[in-house]
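Asks: So I've got this file, structure03.csv, and it contains CSV, C-alpha atoms:
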```csv
chain,number,residue,atom,x,y,z
A,12,MET,CA,34.6,220.5,154.4
A,13,LYS,CA,34.7,223.6,152.2
A,14,ARG,CA,35.7,223.0,148.6
A,15,SER,CA,38.0,225.7,147.1
A,16,LEU,CA,36.1,225.6,143.8
A,17,THR,CA,32.9,226.9,145.6
A,18,ALA,CA,33.6,230.6,144.8
A,19,GLN,CA,34.5,229.9,141.2
A,20,LEU,CA,31.4,227.8,140.7
A,21,LEU,CA,29.1,230.5,142.2
A,22,GLU,CA,30.7,233.1,139.9
A,23,ALA,CA,30.2,230.9,136.9
A,24,ILE,CA,26.5,230.4,137.8
A,25,ASP,CA,26.1,234.1,138.1
A,26,TYR,CA,27.4,234.9,134.6
A,27,SER,CA,26.6,231.9,132.5
A,28,PRO,CA,23.1,230.3,131.6
A,29,ALA,CA,24.5,226.8,132.1
A,30,VAL,CA,27.5,225.5,134.0
A,31,VAL,CA,28.9,222.0,133.5
A,32,LEU,CA,30.7,220.7,136.6
A,33,LEU,CA,32.9,217.8,135.6
A,34,GLY,CA,34.7,215.3,137.9
A,35,PRO,CA,35.1,211.6,138.5
A,36,ARG,CA,32.4,209.8,140.4
A,37,GLN,CA,32.5,210.2,144.2
A,38,SER,CA,34.7,213.3,144.0
A,39,GLY,CA,32.0,215.5,145.7
A,40,LYS,CA,30.1,217.1,142.8
A,41,THR,CA,26.6,216.2,144.1
A,42,THR,CA,27.5,217.3,147.7
A,43,LEU,CA,28.8,220.7,146.4
A,44,ALA,CA,25.8,221.2,144.1
A,45,LEU,CA,23.3,220.5,146.9
A,46,GLU,CA,25.1,222.8,149.2
A,47,LEU,CA,24.7,225.6,146.7
A,48,ALA,CA,21.1,224.7,146.2
A,49,ARG,CA,20.4,225.6,149.8
A,50,GLU,CA,21.3,229.2,149.1
A,51,ARG,CA,19.0,229.9,146.1
A,52,PRO,CA,15.8,228.6,144.6
A,53,ALA,CA,16.8,225.3,143.0
A,54,ILE,CA,15.6,221.8,142.1
A,55,TYR,CA,17.8,218.7,141.8
A,56,LEU,CA,17.3,215.8,139.4
A,57,ASP,CA,19.4,212.6,139.5
A,58,LEU,CA,19.3,211.1,136.0
A,59,GLU,CA,20.3,207.7,137.3
A,60,SER,CA,17.0,207.7,139.2
A,61,GLU,CA,14.0,206.1,137.4
A,62,GLN,CA,11.7,208.5,139.2
A,63,ASP,CA,13.6,211.6,138.2
A,64,ARG,CA,14.1,210.4,134.6
A,65,ALA,CA,10.3,209.9,134.4
A,66,LYS,CA,9.8,213.6,135.2
A,67,LEU,CA,11.8,214.4,132.1
A,68,ALA,CA,9.7,212.2,129.8
A,69,GLN,CA,8.6,215.5,128.3
A,70,PRO,CA,11.6,217.6,129.2
A,71,GLU,CA,10.6,220.8,127.5
A,72,LEU,CA,7.3,220.9,129.4
A,73,TYR,CA,8.8,220.0,132.8
A,74,LEU,CA,11.8,222.4,132.6
A,75,ALA,CA,9.6,225.2,131.3
A,76,ASP,CA,7.8,225.1,134.6
A,77,HIS,CA,11.0,225.8,136.4
A,78,LEU,CA,12.6,228.6,134.5
A,79,ASP,CA,12.7,230.7,137.7
A,80,LYS,CA,15.0,228.2,139.5
A,81,LEU,CA,18.5,226.8,139.2
A,82,VAL,CA,17.9,223.3,137.8
A,83,ILE,CA,20.6,220.8,138.8
A,84,LEU,CA,20.9,217.8,136.5
A,85,ASP,CA,23.2,215.1,137.9
A,86,GLU,CA,24.9,212.5,135.6
A,87,VAL,CA,23.7,214.5,132.6
A,88,HIS,CA,25.5,212.2,130.2
A,89,ARG,CA,22.7,209.7,130.8
A,90,ALA,CA,20.3,211.9,128.9
A,91,PRO,CA,22.2,213.3,125.8
A,92,GLY,CA,18.8,214.2,124.2
A,93,LEU,CA,18.4,217.0,126.8
A,94,PHE,CA,21.1,219.2,125.2
A,95,PRO,CA,18.9,220.5,122.3
A,96,VAL,CA,16.1,221.1,124.7
A,97,LEU,CA,18.3,223.1,127.1
A,98,ARG,CA,19.6,225.2,124.2
A,99,GLY,CA,16.1,226.2,123.3
A,100,LEU,CA,15.1,227.0,126.8
A,101,ILE,CA,18.2,229.0,127.4
A,102,ASP,CA,17.6,231.0,124.3
A,103,ARG,CA,13.9,231.6,125.3
A,104,ALA,CA,15.1,232.8,128.8
A,105,ARG,CA,17.6,235.2,127.1
A,106,ARG,CA,14.8,236.8,125.1
A,107,ASP,CA,12.9,237.2,128.4
A,108,GLY,CA,15.9,238.9,130.0
A,109,ARG,CA,17.3,236.1,132.1
A,110,ARG,CA,20.9,235.5,131.0
A,111,ALA,CA,22.5,233.4,133.8
A,112,GLY,CA,21.9,230.9,136.6
A,113,GLN,CA,19.6,228.5,134.8
A,114,TYR,CA,21.2,225.0,134.7
A,115,LEU,CA,24.0,223.3,136.6
A,116,LEU,CA,24.9,220.0,134.9
A,117,LEU,CA,27.0,217.4,136.7
A,118,GLY,CA,29.0,214.8,134.7
A,119,SER,CA,31.5,212.1,135.3
A,120,ALA,CA,33.2,212.4,132.0
A,121,SER,CA,35.5,214.9,130.3
A,122,LEU,CA,34.5,217.7,128.1
A,123,ASP,CA,35.3,215.7,125.0
A,124,LEU,CA,33.0,212.9,126.1
A,125,LEU,CA,30.2,215.3,127.0
A,126,LYS,CA,30.4,216.9,123.6
A,127,GLN,CA,29.9,213.5,122.0
A,128,SER,CA,26.8,212.9,124.2
A,129,GLY,CA,24.7,215.6,122.7
A,130,GLU,CA,24.5,218.9,120.9
A,131,THR,CA,26.9,221.5,122.0
A,132,LEU,CA,25.8,224.5,124.0
A,133,ALA,CA,28.5,226.7,122.6
A,134,GLY,CA,28.3,230.2,123.8
A,135,ARG,CA,25.8,229.2,126.5
A,136,VAL,CA,27.9,227.2,128.9
A,137,ALA,CA,30.9,227.4,131.3
A,138,TYR,CA,33.0,224.3,132.2
A,139,LEU,CA,34.6,223.6,135.6
A,140,GLU,CA,36.3,220.5,137.0
A,141,LEU,CA,36.0,219.4,140.6
A,142,THR,CA,39.0,217.1,141.5
A,143,PRO,CA,39.1,215.0,144.6
A,144,PHE,CA,40.4,216.8,147.6
A,145,HIS,CA,43.7,218.5,147.1
A,146,VAL,CA,46.4,219.5,149.6
A,147,LEU,CA,45.0,223.0,150.5
A,148,GLU,CA,41.5,221.7,151.2
A,149,VAL,CA,42.6,219.2,153.8
A,150,ALA,CA,45.6,221.1,155.3
A,151,GLU,CA,44.7,219.8,158.8
A,152,ARG,CA,45.4,216.2,157.8
A,153,PRO,CA,48.8,214.6,157.4
A,154,LEU,CA,50.2,215.1,153.8
A,155,ASP,CA,51.3,211.4,153.7
A,156,GLU,CA,47.7,210.3,154.5
A,157,LEU,CA,46.4,212.3,151.5
A,158,TRP,CA,49.2,210.8,149.4
A,159,LEU,CA,48.5,207.2,150.5
A,160,ARG,CA,44.7,207.3,150.4
A,161,GLY,CA,44.2,209.8,147.6
A,162,GLY,CA,41.6,212.6,147.6
A,163,PHE,CA,38.3,210.9,147.1
A,164,PRO,CA,36.3,212.0,150.2
A,165,ASP,CA,35.1,208.5,151.3
A,166,SER,CA,38.6,207.1,151.0
A,167,LEU,CA,40.4,210.0,152.7
A,168,LEU,CA,38.0,210.2,155.6
A,169,ALA,CA,37.7,206.5,156.2
A,170,GLY,CA,38.3,205.4,159.8
A,171,SER,CA,41.4,203.3,159.0
A,172,ASP,CA,43.8,202.6,156.1
A,173,ALA,CA,42.1,199.2,155.7
A,174,ARG,CA,38.7,200.7,155.3
A,175,SER,CA,40.1,203.3,152.9
A,176,LEU,CA,41.7,200.6,150.8
A,177,ARG,CA,38.4,198.6,150.7
A,178,TRP,CA,36.5,201.6,149.5
A,179,ARG,CA,39.0,202.2,146.7
A,180,GLN,CA,38.8,198.6,145.7
A,181,ASP,CA,35.0,198.7,145.5
A,182,PHE,CA,35.3,202.0,143.6
A,183,ILE,CA,37.5,200.4,141.0
A,184,ARG,CA,35.2,197.4,140.7
A,185,SER,CA,32.1,199.6,140.3
A,186,TYR,CA,33.8,201.6,137.5
A,187,LEU,CA,34.8,198.5,135.7
A,188,GLU,CA,31.5,196.6,136.0
A,189,ARG,CA,28.9,199.4,136.0
A,190,ASP,CA,30.2,202.8,134.9
A,191,ILE,CA,32.6,202.3,132.1
A,192,PRO,CA,30.2,200.2,130.0
A,193,GLN,CA,27.9,203.3,129.8
A,194,PHE,CA,30.5,205.2,127.8
A,195,GLY,CA,31.3,203.0,124.8
A,196,PRO,CA,31.6,199.5,123.4
A,197,ARG,CA,31.5,196.7,125.9
A,198,ILE,CA,35.0,196.1,127.3
A,199,ALA,CA,35.8,193.0,129.3
A,200,ALA,CA,36.2,194.2,132.9
A,201,GLU,CA,39.1,191.9,133.6
A,202,THR,CA,41.0,193.2,130.5
A,203,LEU,CA,40.5,196.8,131.5
A,204,ARG,CA,41.5,196.0,135.1
A,205,ARG,CA,44.8,194.5,133.8
A,206,PHE,CA,45.4,197.6,131.7
A,207,TRP,CA,44.6,199.9,134.6
A,208,THR,CA,47.0,198.0,136.8
A,209,MET,CA,49.7,198.1,134.1
A,210,LEU,CA,49.2,201.9,134.1
A,211,ALA,CA,49.7,202.0,137.9
A,212,HIS,CA,53.0,200.0,137.6
A,213,HIS,CA,54.0,202.4,134.8
A,214,GLN,CA,53.0,205.5,136.8
A,215,GLY,CA,54.8,208.6,135.4
A,216,GLY,CA,56.5,206.7,132.6
A,217,LEU,CA,56.6,207.5,128.9
A,218,LEU,CA,53.6,206.2,127.0
A,219,ASN,CA,54.4,203.0,125.0
A,220,THR,CA,51.1,202.0,123.6
A,221,ALA,CA,52.6,199.1,121.6
A,222,GLN,CA,54.1,197.6,124.8
A,223,PHE,CA,50.7,197.8,126.6
A,224,ALA,CA,49.1,196.2,123.6
A,225,ARG,CA,51.5,193.3,123.5
A,226,ASN,CA,51.1,192.7,127.2
A,227,LEU,CA,47.3,192.6,126.9
A,228,GLY,CA,47.2,190.7,123.7
A,229,VAL,CA,45.2,193.4,121.8
A,230,ASP,CA,46.1,195.7,118.9
A,231,VAL,CA,47.6,199.1,119.4
A,232,LYS,CA,44.4,200.9,118.5
A,233,THR,CA,42.5,199.0,121.2
A,234,ALA,CA,45.1,199.7,123.9
A,235,GLY,CA,45.1,203.4,122.9
A,236,GLY,CA,41.3,203.4,123.2
A,237,TYR,CA,41.5,202.0,126.7
A,238,LEU,CA,43.8,204.8,127.7
A,239,GLY,CA,41.6,207.4,126.0
A,240,LEU,CA,38.6,206.2,127.9
A,241,LEU,CA,40.4,206.5,131.3
A,242,VAL,CA,41.5,210.0,130.3
A,243,ASP,CA,38.0,210.9,129.3
A,244,LEU,CA,36.7,209.6,132.6
A,245,LEU,CA,39.2,211.9,134.4
A,246,LEU,CA,41.0,208.9,135.9
A,247,ALA,CA,44.2,209.1,134.0
A,248,ARG,CA,46.3,212.0,132.6
A,249,ARG,CA,48.5,212.4,129.6
A,250,LEU,CA,51.2,214.9,130.4
A,251,LEU,CA,52.4,216.2,127.0
A,252,PRO,CA,56.1,216.9,126.2
A,253,TRP,CA,57.2,220.5,125.6
A,254,HIS,CA,57.7,220.9,121.9
A,255,SER,CA,58.6,224.6,121.2
A,256,ASN,CA,62.4,224.2,121.0
A,257,PRO,CA,63.3,223.3,117.4
A,258,GLY,CA,67.0,223.3,118.2
A,259,LYS,CA,66.8,220.3,120.4
A,260,ARG,CA,65.9,216.6,119.9
A,261,LEU,CA,63.1,216.2,122.3
A,262,VAL,CA,61.1,213.3,123.6
A,263,LYS,CA,57.8,213.2,121.8
A,264,SER,CA,55.8,210.6,123.8
A,265,PRO,CA,53.6,211.9,126.7
A,266,LYS,CA,54.0,210.7,130.2
A,267,VAL,CA,51.0,208.9,131.7
A,268,PHE,CA,49.7,209.0,135.3
A,269,ILE,CA,46.8,207.6,137.2
A,270,ARG,CA,45.5,210.9,138.5
A,271,ASP,CA,44.5,209.9,142.0
A,272,SER,CA,47.4,208.4,144.0
A,273,GLY,CA,45.0,206.4,146.2
A,274,ILE,CA,43.5,204.6,143.2
A,275,ALA,CA,47.0,203.8,141.9
A,276,HIS,CA,48.0,202.4,145.3
A,277,ALA,CA,44.8,200.3,145.4
A,278,LEU,CA,45.5,198.8,142.0
A,279,LEU,CA,49.0,197.9,143.3
A,280,ASN,CA,47.6,196.4,146.5
A,281,ILE,CA,49.5,198.9,148.7
A,282,PRO,CA,47.6,198.9,152.0
A,283,ASP,CA,49.7,201.3,154.2
A,284,LYS,CA,52.5,203.9,154.2
A,285,GLU,CA,55.2,201.4,155.2
A,286,THR,CA,54.4,199.2,152.2
A,287,LEU,CA,54.3,202.3,149.9
A,288,LEU,CA,57.7,203.5,151.1
A,289,ALA,CA,59.2,200.1,150.3
A,290,HIS,CA,57.5,199.8,146.9
A,291,PRO,CA,59.4,200.5,143.6
A,292,VAL,CA,56.6,202.9,142.5
A,293,VAL,CA,57.2,205.3,145.5
A,294,GLY,CA,59.1,208.0,143.6
A,295,ALA,CA,56.8,208.0,140.6
A,296,SER,CA,53.7,207.9,142.9
A,297,TRP,CA,55.0,211.0,144.8
A,298,GLU,CA,55.7,212.8,141.5
A,299,GLY,CA,52.2,212.1,140.2
A,300,PHE,CA,50.6,213.2,143.5
A,301,ALA,CA,52.6,216.4,143.5
A,302,ILE,CA,51.8,217.2,139.9
A,303,GLU,CA,48.0,216.6,140.3
A,304,ASN,CA,47.9,218.9,143.4
A,305,LEU,CA,49.9,221.6,141.7
A,306,LEU,CA,47.8,221.5,138.5
A,307,ALA,CA,44.5,221.6,140.5
A,308,ASN,CA,45.6,224.9,142.1
A,309,ALA,CA,47.2,226.4,139.1
A,310,MET,CA,44.2,225.8,136.9
A,311,ALA,CA,41.9,227.2,139.6
A,312,THR,CA,43.9,230.4,139.4
A,313,ASP,CA,44.0,230.5,135.5
A,314,PRO,CA,42.2,227.8,133.6
A,315,MET,CA,44.3,228.6,130.5
A,316,VAL,CA,47.6,227.5,132.0
A,317,GLN,CA,49.1,224.6,130.1
A,318,ALA,CA,51.1,221.8,131.7
A,319,TYR,CA,54.0,219.9,130.1
A,320,PHE,CA,57.2,218.0,130.9
A,321,TYR,CA,60.5,218.6,129.2
A,322,ARG,CA,63.0,216.0,128.2
A,323,SER,CA,65.7,216.1,125.5
A,324,SER,CA,67.8,213.3,124.1
A,325,GLY,CA,70.8,214.8,125.8
A,326,GLY,CA,69.4,214.3,129.3
A,327,ALA,CA,67.9,217.7,130.0
A,328,GLU,CA,64.7,217.2,132.0
A,329,ILE,CA,62.0,219.1,133.9
A,330,ASP,CA,59.2,217.1,135.7
A,331,LEU,CA,56.5,219.8,135.3
A,332,LEU,CA,56.6,222.9,133.1
A,333,LEU,CA,53.7,225.4,133.6
A,334,ALA,CA,53.2,227.7,130.6
A,335,TRP,CA,51.1,230.7,131.6
A,336,PRO,CA,48.9,232.5,129.0
A,337,ASP,CA,51.2,235.6,129.1
A,338,GLY,CA,54.2,233.5,128.0
A,339,ARG,CA,55.8,233.0,131.4
A,340,LEU,CA,57.3,229.5,132.2
A,341,TRP,CA,57.6,227.9,135.7
A,342,ALA,CA,60.0,224.9,136.0
A,343,ILE,CA,59.2,222.5,138.8
A,344,GLU,CA,61.2,219.4,139.8
A,345,VAL,CA,59.7,216.9,142.1
A,346,LYS,CA,61.8,215.1,144.7
A,347,ARG,CA,60.9,212.7,147.5
A,348,SER,CA,64.1,213.4,149.5
A,349,LEU,CA,64.1,215.6,152.6
A,350,ALA,CA,67.5,216.9,151.3
A,351,PRO,CA,66.8,217.4,147.6
A,352,LYS,CA,69.6,217.7,145.2
A,353,LEU,CA,69.3,218.8,141.6
A,354,GLU,CA,70.8,216.8,138.7
A,355,ARG,CA,72.6,218.3,135.8
A,356,GLY,CA,69.6,217.6,133.6
A,357,PHE,CA,67.4,220.2,135.4
A,358,HIS,CA,70.1,222.9,135.0
A,359,ALA,CA,70.5,222.0,131.3
A,360,ALA,CA,66.8,222.2,130.7
A,361,CYS,CA,66.5,225.6,132.5
A,362,ALA,CA,69.4,226.8,130.3
A,363,ASP,CA,67.4,225.7,127.2
A,364,LEU,CA,64.0,227.3,128.3
A,365,LYS,CA,65.0,230.1,130.6
A,366,PRO,CA,61.9,229.8,132.9
A,367,GLU,CA,60.9,232.8,135.0
A,368,ARG,CA,60.6,230.8,138.2
A,369,ARG,CA,62.3,227.5,139.3
A,370,PHE,CA,61.2,225.3,142.1
A,371,VAL,CA,62.0,221.9,143.7
A,372,VAL,CA,59.0,220.4,145.5
A,373,TYR,CA,59.9,218.1,148.4
A,374,PRO,CA,58.2,216.6,151.4
A,375,GLY,CA,59.8,218.7,154.0
A,376,GLY,CA,58.4,221.7,155.9
A,377,GLU,CA,60.8,224.5,155.2
A,378,ARG,CA,61.1,226.8,152.2
A,379,TYR,CA,64.7,227.7,151.3
A,380,ARG,CA,67.0,228.5,148.4
A,381,LEU,CA,69.0,225.8,146.7
A,382,ALA,CA,70.6,228.4,144.4
A,383,GLU,CA,70.1,232.1,143.7
A,384,ASP,CA,67.2,231.4,141.3
A,385,ILE,CA,66.0,228.0,142.6
A,386,GLU,CA,63.8,227.4,145.7
A,387,ALA,CA,63.1,224.2,147.5
A,388,VAL,CA,59.4,224.4,148.5
A,389,PRO,CA,57.1,222.1,150.5
A,390,LEU,CA,54.1,221.0,148.3
A,391,PRO,CA,51.4,222.8,150.3
A,392,GLN,CA,53.4,226.1,150.1
A,393,LEU,CA,53.9,225.9,146.4
A,394,ALA,CA,50.2,225.0,145.9
A,395,LYS,CA,49.3,228.1,148.0
A,396,SER,CA,51.7,230.2,145.8
A,397,LEU,CA,49.9,229.0,142.7
A,398,ARG,CA,46.6,230.2,144.3
A,399,GLY,CA,48.2,233.7,144.7
A,400,GLY,CA,48.7,233.2,148.4
```
Show me the file's structure as structure tokens.
Replies:
Amino acid sequence: MKRSLTAQLLEAIDYSPAVVLLGPRQSGKTTLALELARERPAIYLDLESEQDRAKLAQPELYLADHLDKLVILDEVHRAPGLFPVLRGLIDRARRDGRRAGQYLLLGSASLDLLKQSGETLAGRVAYLELTPFHVLEVAERPLDELWLRGGFPDSLLAGSDARSLRWRQDFIRSYLERDIPQFGPRIAAETLRRFWTMLAHHQGGLLNTAQFARNLGVDVKTAGGYLGLLVDLLLARRLLPWHSNPGKRLVKSPKVFIRDSGIAHALLNIPDKETLLAHPVVGASWEGFAIENLLANAMATDPMVQAYFYRSSGGAEIDLLLAWPDGRLWAIEVKRSLAPKLERGFHAACADLKPERRFVVYPGGERYRLAEDIEAVPLPQLAKSLRGG
């Protein structure tokens, strides 16, 4: 299944000495990297493999023997000491006239976490993020299946909903017991699972770290650290409030989401679509699912686009506000209904901000106007529009 990031990744490899491809575990980074490796001279090293780590016992000597190839280093956060070595080799290759296509680094943590793992490669590296499958990559599959199961390949492509749920439950357990302890102080797996589950129940809600801390029996700083870790691991998202309207009293707390809808449903023990549709989280789950898919496609078009929500004390509200680098604003409201109706708050927010484009995303199949300047658009069609299609 072709990933839409492929062309962008090839372009980055062709202009940058090193490329960091970020994404949560099992999102398809290794598969994509190996696919690219078939098209050019390359070697692949998995830094979770004892055998491959042994090859890098003297990294400068080993890597110097492969300056003519694309070196793919998987789970690079396991070897933070490599970053100074890579910097030296990149600079040496530059002096010899080779300025691009030397290293592809795969990591399961965010840019901030990778920066903490070793010396920065500033000026020598490009960063890309591979999300789980989004709506345009699996257009032949039912949209509700992607929503229920989420975009992780093994979950989405499982033979049944039951197998998909079991995979996601194992994925959560693996992260709690094996992966997360690599990235910081030891955290009790059961405590973090409780926090993660609370976040799923709170999907799309305003962040109240103090409430989370009270429910867990920890201090506010610790609860904030748990959320920060899930954000760094690309499993949760803080959606920041729009703040450039000094004439209004605006909500200042971010919204928080579990980024993959399938993981949120697994944490809530939602096994199938019928259970999901009857669950109190259904509206918030659909909102988070739509936002993640739209952001994946918007950022593929322009990585500098910024995402916010808007909410004032007077009730004006926009679910997703896209701020393009040239100053344009797109206002997007997310509705689960097949006959979406806009509340007064959306119109009030648009009057405040005067966005250039205004959309309502809904689960239907037809694109039509709700008003002269507002369109109701199916999620796949708006994702395609964000791609320039």
Asks: Restricting the calculation to all atoms listed in the file, which member of A:Leu349, A:Leu168, A:Leu176, A:Ala382 is positioned closest to Pro153 of chain A?
Replies: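 The answer is A:Leu168, which sits nearest to Pro153 of chain A.
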Asks: Using all atoms listed in the file, pick whichever of A:Leu331, A:Pro28, A:Leu390, A:Pro282 has the shortest atom-to-atom distance to Arg105 of chain A.
Replies: A:Pro28
Asks: Using the file's own x, y and z axes, so that the box edges lie along x, y and z, what centre and edge lengths in Å (one decimal) does a box around every listed atom of segment 273-281 of chain A get when 3 Å is added on each side? Give it as lines of an AutoDock Vina configuration file.
Replies:
```
center_x = 46.5
center_y = 201.4
center_z = 145.3
size_x = 12.0
size_y = 16.0
size_z = 12.8
```
Asks: Determine the nearest neighbour of Thr142 of chain A from the options A:Ser15, A:Gln193, A:Ser396, A:Gln222, counting all atoms listed in the file.
Replies: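 Checking each of A:Ser15, A:Gln193, A:Ser396, A:Gln222 against Thr142 of chain A, counting all atoms listed in the file, the winner is A:Ser15.
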Asks: Find, counting all atoms listed in the file, the residue in A:Tyr73, A:Thr220, A:Ala311, A:Glu285 that gets nearest to Lys266 of chain A.
Replies: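 Smallest separation from Lys266 of chain A among the options: A:Thr220.
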Asks: I'd like the interatomic distance between atom CA of Asp85 of chain A and atom CA of Ala137 of chain A, to a tenth of an Å.
Replies: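 So the answer is 15.9 Å.
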Asks: When you draw a straight line from atom CA of Trp178 of chain A to atom CA of Leu279 of chain A, how long is it in Å?
Replies: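 Computed distance, atom CA of Trp178 of chain A to atom CA of Leu279 of chain A, equals 14.4 Å.
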Asks: Using all atoms listed in the file, find the one residue out of A:Ile343, A:Ile269, A:Leu333, A:Ile281 that sits nearest to Arg177 of chain A.
Replies: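 So, comparing all the options, the nearest one is A:Ile281.
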Asks: Take atom CA of Ala334 of chain A and atom CA of Pro366 of chain A and report the distance between them in Å, one decimal.
Replies: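 That distance, rounded to one decimal, is 9.2 Å.
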Asks: Ranking A:Glu344, A:Asp57, A:Asp271, A:Asp384 by minimum distance to Leu159 of chain A and counting only C-alpha atoms, which one comes first?
Replies: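 Smallest separation from Leu159 of chain A among the options: A:Asp271.
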Asks: Extract, using all atoms listed in the file, all DNA, RNA and protein residues at most 7 Å from Ala234 of chain A, discarding same-chain residues fewer than 4 positions from it, and format them as JSON, numbers by chain.
Replies: {"A": [220, 223, 224, 229, 230, 238]}
Asks: Anything within 9 Å of (41.0, 211.2, 152.9): list those residues as a list of chain:residue names, counting only C-alpha atoms and sticking to the file's coordinates.
Replies: A:Phe144, A:Val149, A:Arg152, A:Glu156, A:Leu157, A:Trp158, A:Leu159, A:Arg160, A:Gly161, A:Gly162, A:Phe163, A:Pro164, A:Asp165, A:Ser166, A:Leu167, A:Leu168, A:Ala169, A:Ser175
